[in-house]
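Asks: For reference, the structure I am asking about is given below.
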Amino acid sequence: LDDPGLDNVAGEEFLQEVLQILLEEGVRKSTDVTQKVCDWKEPLELRELLDLELRSDGEGRERLLQRCRDVLRLSVRTGHPRFFNQLFSGLDHHALAGRFLTETLNTSPYTYEVAPVLVLMEEQVLAKLRELVGWSSGDGIFAPGGSMSNMLAMNVARFRRFPESRSRGNWDLPRLALFASQESHYSIQKGAGFLGIGTDNVHLVQTDERWVLGRPGGPRVGGGCSVSPPLSLPLRGKMIPEELEKEIQRVKAEGSEPLFVCATSGTTVLGAFDPLGAIADICARHGLWLHVDAAWGGSALLSPKLRHLLAGIHRSDSVTWNPHKLLMVGLQCSAFLLRDSSGLLQRCHGVGASYLFQRDKFYDVTLDTGDKSLQCGRRADGLKLWILWKAVGSRGLGWRVERAFAATRYLLEQVKRREGFQLVMEPEFLNLCFWFIPPSLRGQESSPEFWDKLGKVAPAIKEKMIRRGSMMVGYQPHGSRVNFFRQIVTNPAVTRQDLDFFLDEIQELGWDL
């Protein structure tokens with residue numbers, strides 16, 4: 001014990017080389033459009049290449065450096081300009097620097113004494129996000145993802161109505177009822193199960209619909225195929241306030257107690273924004289907690305041109321906002337924002353562990369914010385957002401949102417012009433949903449097998465693009481609708497050439513299906 005148990009000199013030399021690998025393989029190649037998005041390997045081959053077994057003895061430096069290269073080379077390059085698969089993409093160098101700082105500091109922002117800089121940064125970032133929502137005061141915490149932020153909202157809502165539930169549980173509570181749209185994120189149902197409220201008590205409210213593709217003689221597909229599907233498609237996928245009112249009245253009549261409404265600002269698949277003003281009126285009338293899941297669409301608040309999509313959000317009780325999506329902060333960065341400034345979050349979750357949250361410390365202990373969270377150890381996810389915000393400012397962040405919107409509008413016009421491409425709906429935001437109809441299916445819309453065959457097109461095209469490594473885009477079925485592509489642009493490195501390539505590639509890969 002007389003000497004250190006670590007060789008710091010050798011460690012720093014190793015780290016220097018790893019940083020060079022990160023810069024070359026993880027940053028430069030990841031963002032280089034001439035590189036593949038992924039180098040696909042089947043699971044068995046990948047396991048062999050990675051040599052995953054953990055052994056009794058360690059390995060030498062050169063072998064470890066090669067393993068670092070392999071991890072980067074064989075992973076999906078989410079920073080690539082042709083990665084469109086998720087609601088997050090791209091790589092911001094300033095935010096990445098913030099992530100390096102966070103990992104290097106290796107601390108948890110639960111108390112001011114161990115994370116003074118990070119606690120103050122988190123306080124400032126949360127206050128700025130609340131200001132954009134429209135609140136001059138309030139509370140909040142960073143959570144490990146939007147799902148957990150939504151669950152925090154459900155828990156706090158229950159505690160405000162039934163504070164005894166914290167100590168006594170659900171056993172003597174009435175049957176609670178939660179409401180969300182049919183397009184809401186699945187975390188609402190997961191949260192109901194996790195919190196003991198029960199998934200049967202989540203009531204999914206109808207969204208608006210209309211005939212988009214029409215009946216015989218309706219709209220044409222791209223260059224001329226008439227389409228006549230026997231199904232209705234969402235106009236926007238927005239919650240219908242009148243249907244919410246009906247559901248509330250119905251569950252009341254059945255003896256349940258309405259508690260919580262989750263409105264969505266930017267649904268996962270269709271990108272719909274629920275009418276917050278009308279929903280807030282209903283919540284106020286019935287005394288319900290209004291939570292807005294703005295994990296995806298919240299960043300539109302930074303754009304003067306687009307913030308109208310969230311009109312009325314200031315009337316909510318809580319908000320989920322994920323800057324790691326549209327703002328390209330990097331996973332993960334999810335803020336749970338609360339309008340209440342009375343200490344509700346602390347009263348709901350605080351336990352006051354005496355080994356962390358001593359009340360007789362020599363500084364202002366209100367800065368020991370960790371007891372507001374369900375977590376003990378917690379990443380300092382506010383640092384990378386603070387660094388990014390300092391680098392580009394609110395105007396720069398708003399410009400990114402508007403550029404993404406402009407890219408989607410360009411792609412929309414191209415989809416409308418190209419033969420074989422058919423919109424699922426006119427996008428309200430950045431979610432461009434469409435089918436590609438191969439030549440073999442054009443003119444076959446009246447065939448009973450048409451929709452079944454069309455549903456197999458997107459998976460086949462995606463397999464081809466992944467094996468080729470050319471790009472990556474998501475697809476999904478949706479209700480009674482067969483598989484369609486959902487294209488998302490969040491990366492400001494994406495150019496018009498990348499968008500043209502995207503459509504050309506789908507057309508080429510799907511031509512002979």
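Residues in the structure tokens are named by chain (A, B, ... in the order shown) and by number from 1 within that chain; ligands are numbered from 1 in the order shown.
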From a backbone DSSP assignment, name each residue in region 117-348 of chain A labelled strand (DSSP E), as a PyMOL selection string.

Replies: chain A and resi 139-143+176-181+202-205+207-210+220-221+225-226+233-239+257-264+289-293+318-321+334-338

Asks: Mind dumping the selected residues with C-alpha atoms as a CSV table (one decimal), in the first residue's frame?

Replies:
```
chain,number,residue,atom,x,y,z
A,139,ASP,CA,-39.1,23.0,-10.5
A,140,GLY,CA,-37.6,20.1,-12.4
A,141,ILE,CA,-35.0,17.4,-12.7
A,142,PHE,CA,-33.1,15.6,-15.5
A,143,ALA,CA,-34.2,12.0,-15.9
A,176,LEU,CA,-57.6,5.9,-10.9
A,177,ALA,CA,-58.0,6.8,-14.5
A,178,LEU,CA,-55.3,8.1,-16.8
A,179,PHE,CA,-56.0,9.5,-20.3
A,180,ALA,CA,-53.7,9.8,-23.4
A,181,SER,CA,-54.3,9.7,-27.1
A,202,VAL,CA,-55.1,4.0,-19.2
A,203,HIS,CA,-57.8,5.2,-21.5
A,204,LEU,CA,-56.7,5.9,-25.0
A,205,VAL,CA,-58.6,8.8,-26.6
A,207,THR,CA,-57.5,10.9,-32.7
A,208,ASP,CA,-58.8,12.8,-35.8
A,209,GLU,CA,-59.1,10.8,-39.1
A,210,ARG,CA,-60.1,11.2,-42.6
A,220,ARG,CA,-53.1,9.2,-57.7
A,221,VAL,CA,-49.8,7.6,-56.6
A,225,CYS,CA,-51.3,4.7,-59.9
A,226,SER,CA,-54.8,5.0,-58.6
A,233,LEU,CA,-55.9,7.2,-42.2
A,234,PRO,CA,-55.1,9.9,-39.6
A,235,LEU,CA,-55.5,13.5,-40.7
A,236,ARG,CA,-52.9,14.4,-38.1
A,237,GLY,CA,-53.2,11.9,-35.3
A,238,LYS,CA,-54.3,14.6,-32.8
A,239,MET,CA,-56.3,13.9,-29.7
A,257,GLU,CA,-61.6,8.7,-10.5
A,258,PRO,CA,-60.0,10.6,-13.4
A,259,LEU,CA,-56.5,11.8,-12.4
A,260,PHE,CA,-54.1,12.6,-15.2
A,261,VAL,CA,-54.2,13.6,-18.9
A,262,CYS,CA,-51.1,13.2,-21.1
A,263,ALA,CA,-51.2,15.4,-24.2
A,264,THR,CA,-48.5,14.8,-26.8
A,289,TRP,CA,-53.3,17.1,-13.9
A,290,LEU,CA,-52.2,18.0,-17.4
A,291,HIS,CA,-48.9,16.6,-18.5
A,292,VAL,CA,-47.4,17.4,-21.9
A,293,ASP,CA,-45.1,14.8,-23.4
A,318,SER,CA,-45.7,19.3,-16.1
A,319,VAL,CA,-43.7,18.8,-19.3
A,320,THR,CA,-41.3,16.2,-20.7
A,321,TRP,CA,-38.6,17.6,-23.1
A,334,SER,CA,-34.4,14.4,-20.8
A,335,ALA,CA,-35.8,17.2,-18.7
A,336,PHE,CA,-38.9,16.7,-16.4
A,337,LEU,CA,-40.3,20.2,-15.9
A,338,LEU,CA,-42.8,21.2,-13.2
```

Asks: For Ala192 (chain A), please output as a short mmCIF file (atom, residue, chain, number, x, y, z; two decimals) with N, CA, C and O atoms, in the first residue's frame all residues within 8 Å (counting only C-alpha atoms; exclusion window: fewer than 3 positions along the same chain).

Replies:
```
data_model
loop_
_atom_site.label_atom_id
_atom_site.label_comp_id
_atom_site.auth_asym_id
_atom_site.auth_seq_id
_atom_site.Cartn_x
_atom_site.Cartn_y
_atom_site.Cartn_z
N MET A 151 -43.14 9.02 -16.42
CA MET A 151 -43.53 8.29 -15.21
C MET A 151 -43.42 9.18 -13.97
O MET A 151 -44.24 9.07 -13.05
N MET A 154 -46.59 11.14 -13.75
CA MET A 154 -47.71 10.34 -13.24
C MET A 154 -47.62 10.18 -11.73
O MET A 154 -48.62 10.27 -11.02
N ILE A 188 -46.62 5.66 -21.22
CA ILE A 188 -47.77 5.94 -20.35
C ILE A 188 -48.35 4.63 -19.83
O ILE A 188 -48.66 4.48 -18.64
N GLN A 189 -48.47 3.64 -20.70
CA GLN A 189 -48.97 2.35 -20.25
C GLN A 189 -47.94 1.63 -19.39
O GLN A 189 -48.28 1.00 -18.38
N LEU A 195 -46.26 1.81 -11.72
CA LEU A 195 -46.72 2.52 -10.54
C LEU A 195 -47.88 1.84 -9.82
O LEU A 195 -48.36 2.33 -8.80
N GLY A 196 -48.33 0.71 -10.36
CA GLY A 196 -49.42 -0.01 -9.72
C GLY A 196 -50.79 0.54 -10.01
O GLY A 196 -51.78 0.11 -9.41
N ILE A 197 -50.88 1.47 -10.94
CA ILE A 197 -52.19 2.01 -11.33
C ILE A 197 -52.91 1.03 -12.24
O ILE A 197 -54.14 0.89 -12.18
N GLY A 198 -52.15 0.34 -13.07
CA GLY A 198 -52.71 -0.69 -13.94
C GLY A 198 -52.93 -0.22 -15.35
O GLY A 198 -53.51 0.85 -15.58
N THR A 199 -52.47 -1.01 -16.30
CA THR A 199 -52.62 -0.63 -17.71
C THR A 199 -54.08 -0.58 -18.15
O THR A 199 -54.42 0.15 -19.08
N ASN A 201 -56.31 0.84 -16.72
CA ASN A 201 -56.84 2.14 -16.32
C ASN A 201 -56.25 3.30 -17.13
O ASN A 201 -56.41 4.46 -16.77
N VAL A 202 -55.54 2.95 -18.20
CA VAL A 202 -55.10 3.96 -19.17
C VAL A 202 -56.12 3.97 -20.30
O VAL A 202 -56.31 2.96 -20.99
#
```

Asks: When DSSP is applied to the backbone of this structure, which of region 113-179 of chain A are assigned helix (DSSP H, G or I)? Write them out as a PyMOL selection string.

Replies: chain A and resi 116-133+146-161+165-168

Asks: Given only C-alpha atoms as the basis, pick out the residue of A:Glu25, A:Glu59, A:Asp172, A:Asp340 nearest to Val156 (chain A).

Replies: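 Smallest distance to Val156 (chain A) is found for A:Asp340.
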
Asks: Which residue gives the smallest distance to Ser108 (chain A) among A:Arg481, A:Arg409, A:Arg379, A:Arg400, with only C-alpha atoms counted?

Replies: A:Arg379

Asks: Name the residues in contact with Leu105 (chain A) at a cut-off of 10 Å, using only C-alpha atoms, excluding same-chain residues fewer than 3 positions from it; report them as a list in words.

Replies: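 The filter keeps Arg99, Phe100, Leu101, Thr102, Ser108, Ala115, Leu118 and Ala380 of chain A.
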
Asks: Suppose you want the space between CA of Lys41 (chain A) and CA of Arg77 (chain A); what is it in Å?

Replies: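 Atom-to-atom, CA of Lys41 (chain A) and CA of Arg77 (chain A) are spaced 14.2 Å apart.
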
Asks: Of the residues A:Gly146, A:Gly343, A:Gly443, A:Gly352, which is the one nearest to Gly297 (chain A), using only C-alpha atoms?

Replies: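 The answer is A:Gly146, which sits nearest to Gly297 (chain A).
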
Asks: Which is closest to Arg82 (chain A) among A:Phe501, A:Trp511, A:Phe405, A:Trp451, if we use only C-alpha atoms?

Replies: A:Phe501

Asks: Could you give me, as a ChimeraX atom specification, the residues within 10 Å of Arg315 (chain A), counting only C-alpha atoms and dropping anything in the same chain fewer than 4 positions from it?

Replies: /A:133-135,276-277,279-281,283-284,290-292,311,339

Asks: Write the residues you've just listed into a file as a PDB file, in the first residue's frame, and include N, CA, C and O atoms for each of them.

Replies:
```
ATOM      1  N   VAL A 133     -41.100  27.254 -21.946  1.00  0.00           N
ATOM      2  CA  VAL A 133     -42.457  26.722 -21.803  1.00  0.00           C
ATOM      3  C   VAL A 133     -43.440  27.840 -21.492  1.00  0.00           C
ATOM      4  O   VAL A 133     -44.615  27.787 -21.899  1.00  0.00           O
ATOM      5  N   GLY A 134     -42.953  28.858 -20.775  1.00  0.00           N
ATOM      6  CA  GLY A 134     -43.808  29.984 -20.425  1.00  0.00           C
ATOM      7  C   GLY A 134     -44.011  30.161 -18.934  1.00  0.00           C
ATOM      8  O   GLY A 134     -44.911  30.888 -18.503  1.00  0.00           O
ATOM      9  N   TRP A 135     -43.156  29.525 -18.130  1.00  0.00           N
ATOM     10  CA  TRP A 135     -43.261  29.620 -16.675  1.00  0.00           C
ATOM     11  C   TRP A 135     -42.137  30.502 -16.131  1.00  0.00           C
ATOM     12  O   TRP A 135     -40.978  30.345 -16.497  1.00  0.00           O
ATOM     13  N   LEU A 276     -53.490  21.732 -27.236  1.00  0.00           N
ATOM     14  CA  LEU A 276     -53.262  21.883 -25.803  1.00  0.00           C
ATOM     15  C   LEU A 276     -54.258  22.820 -25.134  1.00  0.00           C
ATOM     16  O   LEU A 276     -54.652  22.582 -23.983  1.00  0.00           O
ATOM     17  N   GLY A 277     -54.658  23.878 -25.829  1.00  0.00           N
ATOM     18  CA  GLY A 277     -55.591  24.816 -25.220  1.00  0.00           C
ATOM     19  C   GLY A 277     -56.917  24.164 -24.862  1.00  0.00           C
ATOM     20  O   GLY A 277     -57.425  24.301 -23.733  1.00  0.00           O
ATOM     21  N   ILE A 279     -57.531  20.969 -24.526  1.00  0.00           N
ATOM     22  CA  ILE A 279     -57.317  19.916 -23.532  1.00  0.00           C
ATOM     23  C   ILE A 279     -57.132  20.533 -22.143  1.00  0.00           C
ATOM     24  O   ILE A 279     -57.637  20.010 -21.143  1.00  0.00           O
ATOM     25  N   ALA A 280     -56.428  21.666 -22.074  1.00  0.00           N
ATOM     26  CA  ALA A 280     -56.241  22.353 -20.796  1.00  0.00           C
ATOM     27  C   ALA A 280     -57.572  22.820 -20.224  1.00  0.00           C
ATOM     28  O   ALA A 280     -57.791  22.775 -19.002  1.00  0.00           O
ATOM     29  N   ASP A 281     -58.478  23.277 -21.090  1.00  0.00           N
ATOM     30  CA  ASP A 281     -59.813  23.685 -20.621  1.00  0.00           C
ATOM     31  C   ASP A 281     -60.528  22.527 -19.939  1.00  0.00           C
ATOM     32  O   ASP A 281     -61.143  22.690 -18.874  1.00  0.00           O
ATOM     33  N   CYS A 283     -59.155  19.805 -18.609  1.00  0.00           N
ATOM     34  CA  CYS A 283     -58.465  19.455 -17.366  1.00  0.00           C
ATOM     35  C   CYS A 283     -58.819  20.423 -16.243  1.00  0.00           C
ATOM     36  O   CYS A 283     -59.020  20.000 -15.088  1.00  0.00           O
ATOM     37  N   ALA A 284     -58.891  21.694 -16.580  1.00  0.00           N
ATOM     38  CA  ALA A 284     -59.258  22.689 -15.567  1.00  0.00           C
ATOM     39  C   ALA A 284     -60.674  22.462 -15.062  1.00  0.00           C
ATOM     40  O   ALA A 284     -60.960  22.579 -13.858  1.00  0.00           O
ATOM     41  N   LEU A 290     -52.541  18.023 -15.982  1.00  0.00           N
ATOM     42  CA  LEU A 290     -52.218  18.012 -17.411  1.00  0.00           C
ATOM     43  C   LEU A 290     -50.708  17.928 -17.585  1.00  0.00           C
ATOM     44  O   LEU A 290     -49.966  18.830 -17.196  1.00  0.00           O
ATOM     45  N   HIS A 291     -50.291  16.829 -18.168  1.00  0.00           N
ATOM     46  CA  HIS A 291     -48.882  16.633 -18.514  1.00  0.00           C
ATOM     47  C   HIS A 291     -48.741  16.686 -20.029  1.00  0.00           C
ATOM     48  O   HIS A 291     -49.570  16.122 -20.752  1.00  0.00           O
ATOM     49  N   VAL A 292     -47.704  17.347 -20.516  1.00  0.00           N
ATOM     50  CA  VAL A 292     -47.426  17.391 -21.949  1.00  0.00           C
ATOM     51  C   VAL A 292     -46.139  16.625 -22.225  1.00  0.00           C
ATOM     52  O   VAL A 292     -45.065  16.994 -21.735  1.00  0.00           O
ATOM     53  N   ALA A 311     -48.903  25.819 -28.725  1.00  0.00           N
ATOM     54  CA  ALA A 311     -49.707  26.872 -28.097  1.00  0.00           C
ATOM     55  C   ALA A 311     -50.524  26.288 -26.951  1.00  0.00           C
ATOM     56  O   ALA A 311     -51.208  25.276 -27.111  1.00  0.00           O
ATOM     57  N   ARG A 339     -44.436  22.948 -13.169  1.00  0.00           N
ATOM     58  CA  ARG A 339     -44.867  24.335 -12.930  1.00  0.00           C
ATOM     59  C   ARG A 339     -44.870  24.663 -11.443  1.00  0.00           C
ATOM     60  O   ARG A 339     -44.633  25.805 -11.043  1.00  0.00           O
TER      61      ARG A 339
END
```

Asks: Name all residues at most 7 Å from region 64-73 of chain A (count only C-alpha atoms; drop same-chain ones fewer than 2 positions away) and give them as a list of chain:residue names.

Replies: A:Val18, A:Ile21, A:Glu25, A:Gly26, A:Glu59, A:Gly60, A:Arg61, A:Glu62, A:Ser75

Asks: Could you save those same residues with C-alpha atoms as a PDB file, in the first residue's frame?

Replies:
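Wrote out05.pdb, looks like this:
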```
ATOM      1  CA  VAL A  18      -7.842   6.109 -27.572  1.00  0.00           C
ATOM      2  CA  ILE A  21      -9.064   6.608 -32.365  1.00  0.00           C
ATOM      3  CA  GLU A  25     -13.132   6.456 -36.205  1.00  0.00           C
ATOM      4  CA  GLY A  26     -15.849   7.879 -33.977  1.00  0.00           C
ATOM      5  CA  GLU A  59      -4.699  -8.018 -22.413  1.00  0.00           C
ATOM      6  CA  GLY A  60      -1.938  -5.790 -23.737  1.00  0.00           C
ATOM      7  CA  ARG A  61      -2.279  -2.221 -24.919  1.00  0.00           C
ATOM      8  CA  GLU A  62      -2.238  -2.915 -28.662  1.00  0.00           C
ATOM      9  CA  SER A  75     -21.286  -0.137 -34.548  1.00  0.00           C
TER      10      SER A  75
END
```

Asks: Tell me, in Å to one decimal, how far CA of Ser316 (chain A) is from CA of Ser149 (chain A).

Replies: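 Computing it gives 14.6 Å between the two atoms.
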